[in-house]
Amino acid sequence: MHQRTRAIAASGATIVIFLLVQAGAVALAGPFESAGYRAVENPSNPTNSIAYIGAILVATAAMLAVIKFDLDWLLRGFVILSSGLISLYVFSVLAPPLSIVVGGVAINPLAIGPAIVLALALLLYPEWYVIDAAGVVMGAGAAGIFGISFGLLPAIVLLTVLAVYDAISVYGTEHMLALADGVLDLKLPVVLVIPLTLSYSFLDDAPATDGGDEQKSVEADGGDADETSADRPDADDRDVFFVGLGDAVMPAVLVASAAVFAPAEPLFAGFALSLPALTAMVGTVCGLVVLLSLVMKGRAHAGLPLLNGGAIGGYLVGALLSGIPIVRALGLGPYL
């Protein structure tokens, strides 16, 4: 297969993964809410977004410190443990109810079993398809939980601020590039790994961004800060590219929030997808197509400005088409 055709196929696979995360977040939102997994008491409070952004800044600083002081085992353990926990939330609402009391605690082996398998797979065999499968489960679960925890205004504020932060951290301070370089070597499910060749192995790859002798990669939201765009081979010379998992999760938060909080009827019986949620998905895909076209040229780019911007724009179009006034669509009604 011609390399350009492979790049197009890989781009299509990336779009499918994003859609799976978003559709999964919508499907999980209702069960999560019924199970009481909402992370805050008042999802319409916009200060929730500020608190979450503060947590992201603290977490980013902590990860950079861990990488700087070569405490890779600590970061790897934390991420894998978090992966297992998020997947447990997902499987707990999907698995048939079955309780076994162990040490006085009731557990569902049909939920905890798959979560343990996922965590062990990430620990013992983090091949690209294991990473991507775990990313879909984790992404849908995280987006579903945050979707029911952030009302329309908090979700829009969250996506807007994170888009600005992402742009600054990639094009300005460039600390996100350093973070991406550090986590890639750890083979963690914080990126989606999209191979351009069937022979590619993430296990055998040293995903350096300096264009060395190892299998070459392209990154969205990551790269070597010392390289110029002229130094980076384009997609015709690459075997893989990477997209941050957060790039899939953040716009999906608004998709799930729109499905839960926007006053619009579901498009399909038994599935919470409304027109505003659907157009938010379409907007995200439009932003993703632009992002992938830039990534294929071999330069690292901040993903959230395009992805979050597309999600917000798409959501607002769908809300207006549904007859929702713009003030209500933005969640500003209680403040005006």
# chains A, B, ... in the order shown; residues from 1 in each chain; ligands from 1

call {"tool": "closest_atom_pairs", "arguments": {"of": "stretch 4-118 of chain A", "to": "stretch 303-325 of chain A", "cutoff": "12 Å", "atoms": "only C-alpha atoms", "output": "JSON lines"}}
result
{"residue": "A:Ile15", "atom": "CA", "partner": "A:Leu307", "partner_atom": "CA", "distance": 11.7}
{"residue": "A:Phe18", "atom": "CA", "partner": "A:Leu307", "partner_atom": "CA", "distance": 10.6}
{"residue": "A:Gln22", "atom": "CA", "partner": "A:Ala311", "partner_atom": "CA", "distance": 11.0}

call {"tool": "write_last_selection", "arguments": {"atoms": "N, CA, C and O atoms", "output": "compact mmCIF listing (two decimals), in the first residue's frame"}}
result
# COMPACT_ATOMS: atom_id res chain seq x y z
N ILE A 15 -10.08 9.07 13.41
CA ILE A 15 -11.43 9.62 13.48
C ILE A 15 -12.39 8.61 14.11
O ILE A 15 -13.23 8.97 14.95
N PHE A 18 -11.90 8.59 17.87
CA PHE A 18 -12.53 9.77 18.47
C PHE A 18 -14.04 9.58 18.56
O PHE A 18 -14.66 9.90 19.59
N GLN A 22 -16.48 9.47 21.91
CA GLN A 22 -17.61 10.38 22.08
C GLN A 22 -18.93 9.62 22.22
O GLN A 22 -19.74 9.92 23.09

call {"tool": "closest_atom_pairs", "arguments": {"of": "stretch 245-265 of chain A", "to": "stretch 147-151 of chain A", "cutoff": "7 Å", "atoms": "only C-alpha atoms", "output": "Markdown table"}}
result
| residue | atom | partner | partner_atom | distance |
| --- | --- | --- | --- | --- |
| A:Val253 | CA | A:Gly147 | CA | 4.6 |
| A:Leu254 | CA | A:Gly147 | CA | 6.3 |
| A:Ala256 | CA | A:Gly147 | CA | 4.7 |
| A:Ser257 | CA | A:Gly147 | CA | 4.3 |
| A:Val260 | CA | A:Ile148 | CA | 6.7 |
| A:Phe261 | CA | A:Gly151 | CA | 6.3 |

call {"tool": "select_by_dssp", "arguments": {"residues": "stretch 136-335 of chain A", "states": "strand (DSSP E or B)", "output": "number ranges by chain"}}
result
A: 191-195, 217-220, 240-244, 266-268, 271-274

call {"tool": "select_by_dssp", "arguments": {"residues": "stretch 38-91 of chain A", "states": "helix (DSSP H, G or I)", "output": "JSON, numbers by chain"}}
result
{"A": [47, 48, 49, 50, 51, 52, 53, 54, 55, 56, 57, 58, 59, 60, 61, 62, 63, 64, 65, 66, 67, 68, 72, 73, 74, 75, 76, 77, 78, 79, 80, 81, 82, 83, 84, 85, 86, 87, 88, 89, 90, 91]}

call {"tool": "residues_around", "arguments": {"residues": "stretch 85-98 of chain A", "least_positions_apart": "2", "cutoff": "10 Å", "atoms": "only C-alpha atoms", "output": "number ranges by chain"}}
result
A: 24-25, 28, 30-32, 34-35, 37, 79-83, 100, 106-116, 118-119, 134-142, 144-145

call {"tool": "write_last_selection", "arguments": {"atoms": "N, CA and C atoms", "output": "compact mmCIF listing (two decimals), in the first residue's frame"}}
result
# COMPACT_ATOMS: atom_id res chain seq x y z
N GLY A 24 -19.24 6.56 23.18
CA GLY A 24 -19.17 5.86 24.46
C GLY A 24 -19.50 6.76 25.63
N ALA A 25 -19.00 8.02 25.58
CA ALA A 25 -19.29 8.97 26.65
C ALA A 25 -20.79 9.25 26.74
N LEU A 28 -22.56 6.19 28.21
CA LEU A 28 -22.27 5.95 29.62
C LEU A 28 -22.84 7.04 30.53
N GLY A 30 -25.83 8.38 31.04
CA GLY A 30 -27.02 8.01 31.79
C GLY A 30 -26.75 6.99 32.88
N PRO A 31 -26.11 5.85 32.56
CA PRO A 31 -25.77 4.88 33.61
C PRO A 31 -24.88 5.45 34.71
N PHE A 32 -23.92 6.30 34.34
CA PHE A 32 -23.07 6.92 35.35
C PHE A 32 -23.89 7.79 36.30
N SER A 34 -27.09 7.51 36.99
CA SER A 34 -27.92 6.64 37.81
C SER A 34 -27.11 5.98 38.92
N ALA A 35 -25.84 5.71 38.64
CA ALA A 35 -24.98 5.07 39.62
C ALA A 35 -24.40 6.05 40.63
N TYR A 37 -22.20 8.62 39.95
CA TYR A 37 -20.78 8.89 39.68
C TYR A 37 -20.48 10.36 39.40
N VAL A 79 -0.45 6.05 36.48
CA VAL A 79 -1.29 6.05 35.29
C VAL A 79 -1.98 4.70 35.10
N ILE A 80 -1.26 3.62 35.31
CA ILE A 80 -1.87 2.30 35.14
C ILE A 80 -2.94 2.06 36.20
N LEU A 81 -2.69 2.48 37.44
CA LEU A 81 -3.70 2.36 38.49
C LEU A 81 -4.93 3.19 38.15
N SER A 82 -4.72 4.40 37.65
CA SER A 82 -5.85 5.25 37.25
C SER A 82 -6.62 4.61 36.10
N SER A 83 -5.89 3.99 35.17
CA SER A 83 -6.53 3.32 34.04
C SER A 83 -7.46 2.21 34.53
N ILE A 100 -20.33 -10.47 45.04
CA ILE A 100 -19.64 -11.46 45.87
C ILE A 100 -18.99 -10.71 47.02
N ALA A 106 -18.77 -5.96 49.10
CA ALA A 106 -19.43 -6.57 47.94
C ALA A 106 -18.76 -6.10 46.66
N ILE A 107 -18.32 -7.03 45.83
CA ILE A 107 -17.69 -6.69 44.56
C ILE A 107 -18.38 -7.45 43.45
N ASN A 108 -18.28 -6.91 42.24
CA ASN A 108 -18.82 -7.56 41.06
C ASN A 108 -17.65 -8.09 40.24
N PRO A 109 -17.40 -9.40 40.24
CA PRO A 109 -16.25 -9.94 39.51
C PRO A 109 -16.34 -9.72 38.01
N LEU A 110 -17.58 -9.55 37.49
CA LEU A 110 -17.74 -9.30 36.06
C LEU A 110 -17.28 -7.89 35.68
N ALA A 111 -17.14 -7.00 36.68
CA ALA A 111 -16.63 -5.65 36.44
C ALA A 111 -15.16 -5.55 36.81
N ILE A 112 -14.82 -6.08 37.97
CA ILE A 112 -13.44 -5.94 38.44
C ILE A 112 -12.48 -6.82 37.64
N GLY A 113 -12.97 -7.94 37.12
CA GLY A 113 -12.11 -8.82 36.32
C GLY A 113 -11.58 -8.15 35.07
N PRO A 114 -12.45 -7.60 34.20
CA PRO A 114 -11.95 -6.91 33.01
C PRO A 114 -11.07 -5.70 33.34
N ALA A 115 -11.36 -5.00 34.44
CA ALA A 115 -10.54 -3.86 34.82
C ALA A 115 -9.13 -4.30 35.18
N ILE A 116 -9.02 -5.43 35.90
CA ILE A 116 -7.70 -5.95 36.25
C ILE A 116 -6.95 -6.42 35.00
N LEU A 118 -7.29 -5.28 31.96
CA LEU A 118 -6.84 -4.10 31.23
C LEU A 118 -5.58 -3.52 31.85
N ALA A 119 -5.58 -3.38 33.18
CA ALA A 119 -4.41 -2.81 33.86
C ALA A 119 -3.18 -3.70 33.67
N ALA A 134 -7.37 0.50 25.46
CA ALA A 134 -7.50 1.07 26.80
C ALA A 134 -7.87 2.56 26.72
N GLY A 135 -7.32 3.26 25.72
CA GLY A 135 -7.63 4.67 25.56
C GLY A 135 -9.09 4.91 25.26
N VAL A 136 -9.70 4.04 24.46
CA VAL A 136 -11.13 4.18 24.16
C VAL A 136 -11.96 4.00 25.43
N VAL A 137 -11.65 2.95 26.21
CA VAL A 137 -12.39 2.69 27.45
C VAL A 137 -12.20 3.84 28.44
N MET A 138 -10.94 4.22 28.64
CA MET A 138 -10.65 5.29 29.58
C MET A 138 -11.23 6.62 29.11
N GLY A 139 -11.07 6.91 27.82
CA GLY A 139 -11.56 8.17 27.29
C GLY A 139 -13.06 8.30 27.41
N ALA A 140 -13.78 7.25 27.04
CA ALA A 140 -15.24 7.28 27.15
C ALA A 140 -15.67 7.40 28.60
N GLY A 141 -14.98 6.67 29.50
CA GLY A 141 -15.34 6.73 30.91
C GLY A 141 -15.09 8.10 31.51
N ALA A 142 -13.90 8.65 31.25
CA ALA A 142 -13.57 9.97 31.80
C ALA A 142 -14.49 11.04 31.24
N GLY A 144 -17.49 10.64 30.04
CA GLY A 144 -18.83 10.44 30.56
C GLY A 144 -18.98 11.01 31.97
N ILE A 145 -18.00 10.75 32.83
CA ILE A 145 -18.06 11.26 34.20
C ILE A 145 -18.01 12.77 34.22

call {"tool": "residues_around", "arguments": {"residues": "A:Ile67", "least_positions_apart": "6", "cutoff": "9 Å", "atoms": "only C-alpha atoms", "output": "ChimeraX atom specification"}}
result
/A:75,179,182-183

call {"tool": "closest_residue", "arguments": {"among": "A:Ala143, A:Val240, A:Leu336, A:Ile17", "to": "A:Met296", "atoms": "only C-alpha atoms"}}
result
A:Val240

call {"tool": "residues_around", "arguments": {"residues": "A:Leu330", "least_positions_apart": "6", "cutoff": "9 Å", "atoms": "only C-alpha atoms", "output": "VMD selection string"}}
result
chain A and resid 152 to 153 156 316

call {"tool": "write_last_selection", "arguments": {"atoms": "N, CA, C and O atoms", "output": "tab-separated table (two decimals), in the first residue's frame"}}
result
chain	number	residue	atom	x	y	z
A	152	LEU	N	-23.55	22.95	30.90
A	152	LEU	CA	-23.18	23.55	29.62
A	152	LEU	C	-22.17	24.68	29.77
A	152	LEU	O	-21.14	24.70	29.09
A	153	LEU	N	-22.43	25.63	30.65
A	153	LEU	CA	-21.49	26.75	30.83
A	153	LEU	C	-20.16	26.27	31.37
A	153	LEU	O	-19.11	26.63	30.82
A	156	ILE	N	-18.22	24.56	28.55
A	156	ILE	CA	-17.70	25.50	27.54
A	156	ILE	C	-16.53	26.29	28.10
A	156	ILE	O	-15.51	26.49	27.41
A	316	LEU	N	-23.07	24.78	19.34
A	316	LEU	CA	-23.92	25.98	19.24
A	316	LEU	C	-24.78	25.94	17.98
A	316	LEU	O	-25.95	26.36	18.02

call {"tool": "atom_distance", "arguments": {"atom1": "atom CA of A:Tyr200", "atom2": "atom CA of A:Trp128"}}
result
8.8 Å

call {"tool": "closest_atom_pairs", "arguments": {"of": "stretch 9-114 of chain A", "to": "stretch 271-274 of chain A", "cutoff": "9 Å", "atoms": "only C-alpha atoms", "output": "Markdown table"}}
result
| residue | atom | partner | partner_atom | distance |
| --- | --- | --- | --- | --- |
| A:Ala23 | CA | A:Leu273 | CA | 8.2 |
| A:Val26 | CA | A:Ala272 | CA | 6.3 |
| A:Ala27 | CA | A:Phe271 | CA | 6.5 |
| A:Ala29 | CA | A:Ala272 | CA | 8.3 |
| A:Gly30 | CA | A:Ala272 | CA | 7.7 |

call {"tool": "write_last_selection", "arguments": {"atoms": "all heavy atoms", "output": "short mmCIF file (atom, residue, chain, number, x, y, z; two decimals), in the first residue's frame"}}
result
data_model
loop_
_atom_site.label_atom_id
_atom_site.label_comp_id
_atom_site.auth_asym_id
_atom_site.auth_seq_id
_atom_site.Cartn_x
_atom_site.Cartn_y
_atom_site.Cartn_z
N ALA A 23 -19.14 8.64 21.36
CA ALA A 23 -20.36 7.84 21.45
C ALA A 23 -20.40 7.07 22.77
O ALA A 23 -21.46 6.94 23.40
CB ALA A 23 -20.47 6.89 20.26
N VAL A 26 -21.46 9.40 25.61
CA VAL A 26 -22.90 9.64 25.60
C VAL A 26 -23.64 8.42 26.15
O VAL A 26 -24.58 8.54 26.96
CB VAL A 26 -23.39 9.97 24.17
CG1 VAL A 26 -24.92 10.03 24.12
CG2 VAL A 26 -22.80 11.29 23.69
N ALA A 27 -23.22 7.24 25.72
CA ALA A 27 -23.89 6.01 26.17
C ALA A 27 -23.70 5.78 27.67
O ALA A 27 -24.59 5.25 28.34
CB ALA A 27 -23.35 4.82 25.39
N ALA A 29 -23.17 8.20 29.97
CA ALA A 29 -23.59 9.34 30.80
C ALA A 29 -24.80 8.98 31.66
O ALA A 29 -24.82 9.24 32.87
CB ALA A 29 -23.89 10.54 29.92
N GLY A 30 -25.83 8.38 31.04
CA GLY A 30 -27.02 8.01 31.79
C GLY A 30 -26.75 6.99 32.88
O GLY A 30 -27.11 7.20 34.05
#

call {"tool": "closest_residue", "arguments": {"among": "A:Ala264, A:Val295, A:Leu192, A:Leu245", "to": "A:Leu278", "atoms": "only C-alpha atoms"}}
result
A:Ala264

call {"tool": "residues_around", "arguments": {"residues": "A:Val157", "least_positions_apart": "5", "cutoff": "9 Å", "atoms": "only C-alpha atoms", "output": "NGL selection string"}}
result
:A and (46 or 49-50 or 152 or 162)

call {"tool": "decode", "arguments": {"residues": "stretch 292-306 of chain A", "atoms": "all heavy atoms", "output": "tab-separated table (two decimals), in the first residue's frame"}}
result
chain	number	residue	atom	x	y	z
A	292	LEU	N	-5.15	16.69	11.73
A	292	LEU	CA	-4.42	15.59	11.11
A	292	LEU	C	-3.70	16.02	9.84
A	292	LEU	O	-2.60	15.55	9.55
A	292	LEU	CB	-5.38	14.43	10.80
A	292	LEU	CG	-5.94	13.68	12.02
A	292	LEU	CD1	-7.00	12.69	11.59
A	292	LEU	CD2	-4.82	12.98	12.78
A	293	SER	N	-4.32	16.92	9.09
A	293	SER	CA	-3.65	17.41	7.89
A	293	SER	C	-2.38	18.17	8.24
A	293	SER	O	-1.38	18.10	7.50
A	293	SER	CB	-4.61	18.31	7.09
A	293	SER	OG	-4.87	19.51	7.78
A	294	LEU	N	-2.37	18.85	9.38
A	294	LEU	CA	-1.17	19.55	9.82
A	294	LEU	C	-0.14	18.57	10.38
A	294	LEU	O	1.06	18.69	10.11
A	294	LEU	CB	-1.54	20.58	10.90
A	294	LEU	CG	-2.45	21.73	10.46
A	294	LEU	CD1	-2.87	22.57	11.66
A	294	LEU	CD2	-1.75	22.61	9.43
A	295	VAL	N	-0.62	17.58	11.15
A	295	VAL	CA	0.28	16.59	11.73
A	295	VAL	C	0.99	15.79	10.64
A	295	VAL	O	2.17	15.46	10.77
A	295	VAL	CB	-0.51	15.66	12.66
A	295	VAL	CG1	0.33	14.45	13.07
A	295	VAL	CG2	-0.98	16.41	13.90
A	296	MET	N	0.28	15.48	9.57
A	296	MET	CA	0.87	14.68	8.50
A	296	MET	C	2.03	15.40	7.79
A	296	MET	O	2.80	14.78	7.08
A	296	MET	CB	-0.21	14.30	7.48
A	296	MET	CG	-1.16	13.24	7.98
A	296	MET	SD	-0.29	11.72	8.42
A	296	MET	CE	-1.63	10.76	9.08
A	297	LYS	N	2.12	16.70	8.02
A	297	LYS	CA	3.24	17.44	7.45
A	297	LYS	C	4.48	17.34	8.34
A	297	LYS	O	5.54	17.87	7.99
A	297	LYS	CB	2.86	18.90	7.24
A	297	LYS	CG	1.73	19.08	6.22
A	297	LYS	CD	1.34	20.54	6.08
A	297	LYS	CE	0.19	20.70	5.09
A	297	LYS	NZ	-0.27	22.12	4.97
A	298	GLY	N	4.33	16.67	9.50
A	298	GLY	CA	5.49	16.39	10.33
A	298	GLY	C	5.74	17.37	11.44
A	298	GLY	O	6.76	17.28	12.12
A	299	ARG	N	4.84	18.31	11.71
A	299	ARG	CA	5.07	19.30	12.75
A	299	ARG	C	4.11	19.06	13.91
A	299	ARG	O	2.95	18.74	13.71
A	299	ARG	CB	4.87	20.71	12.19
A	299	ARG	CG	4.97	21.80	13.25
A	299	ARG	CD	5.11	23.17	12.63
A	299	ARG	NE	4.91	24.24	13.58
A	299	ARG	CZ	5.74	24.57	14.55
A	299	ARG	NH1	6.85	23.89	14.70
A	299	ARG	NH2	5.48	25.57	15.36
A	300	ALA	N	4.63	19.21	15.14
A	300	ALA	CA	3.79	19.06	16.32
A	300	ALA	C	2.83	20.24	16.42
A	300	ALA	O	3.21	21.39	16.16
A	300	ALA	CB	4.65	18.99	17.57
A	301	HIS	N	1.59	19.97	16.79
A	301	HIS	CA	0.58	21.02	16.90
A	301	HIS	C	-0.25	20.82	18.16
A	301	HIS	O	-0.46	19.68	18.61
A	301	HIS	CB	-0.35	21.02	15.68
A	301	HIS	CG	0.25	21.61	14.46
A	301	HIS	ND1	0.26	22.96	14.21
A	301	HIS	CD2	0.88	21.04	13.41
A	301	HIS	CE1	0.86	23.19	13.06
A	301	HIS	NE2	1.25	22.03	12.55
A	302	ALA	N	-0.70	21.92	18.71
A	302	ALA	CA	-1.65	21.87	19.81
A	302	ALA	C	-3.00	21.40	19.26
A	302	ALA	O	-3.51	21.98	18.30
A	302	ALA	CB	-1.78	23.24	20.46
A	303	GLY	N	-3.55	20.36	19.85
A	303	GLY	CA	-4.79	19.80	19.32
A	303	GLY	C	-6.05	20.49	19.81
A	303	GLY	O	-7.02	20.64	19.06
A	304	LEU	N	-6.07	20.92	21.06
A	304	LEU	CA	-7.32	21.40	21.66
A	304	LEU	C	-7.89	22.67	21.04
A	304	LEU	O	-9.12	22.82	21.01
A	304	LEU	CB	-7.14	21.57	23.17
A	304	LEU	CG	-6.92	20.27	23.94
A	304	LEU	CD1	-6.87	20.54	25.44
A	304	LEU	CD2	-7.99	19.24	23.62
A	305	PRO	N	-7.08	23.62	20.56
A	305	PRO	CA	-7.71	24.78	19.92
A	305	PRO	C	-8.63	24.39	18.76
A	305	PRO	O	-9.74	24.91	18.65
A	305	PRO	CB	-6.51	25.60	19.44
A	305	PRO	CG	-5.43	25.27	20.42
A	305	PRO	CD	-5.62	23.81	20.72
A	306	LEU	N	-8.19	23.47	17.94
A	306	LEU	CA	-9.01	23.03	16.81
A	306	LEU	C	-10.14	22.11	17.26
A	306	LEU	O	-11.29	22.25	16.83
A	306	LEU	CB	-8.15	22.31	15.78
A	306	LEU	CG	-7.18	23.18	14.98
A	306	LEU	CD1	-6.18	22.31	14.23
A	306	LEU	CD2	-7.94	24.07	14.00
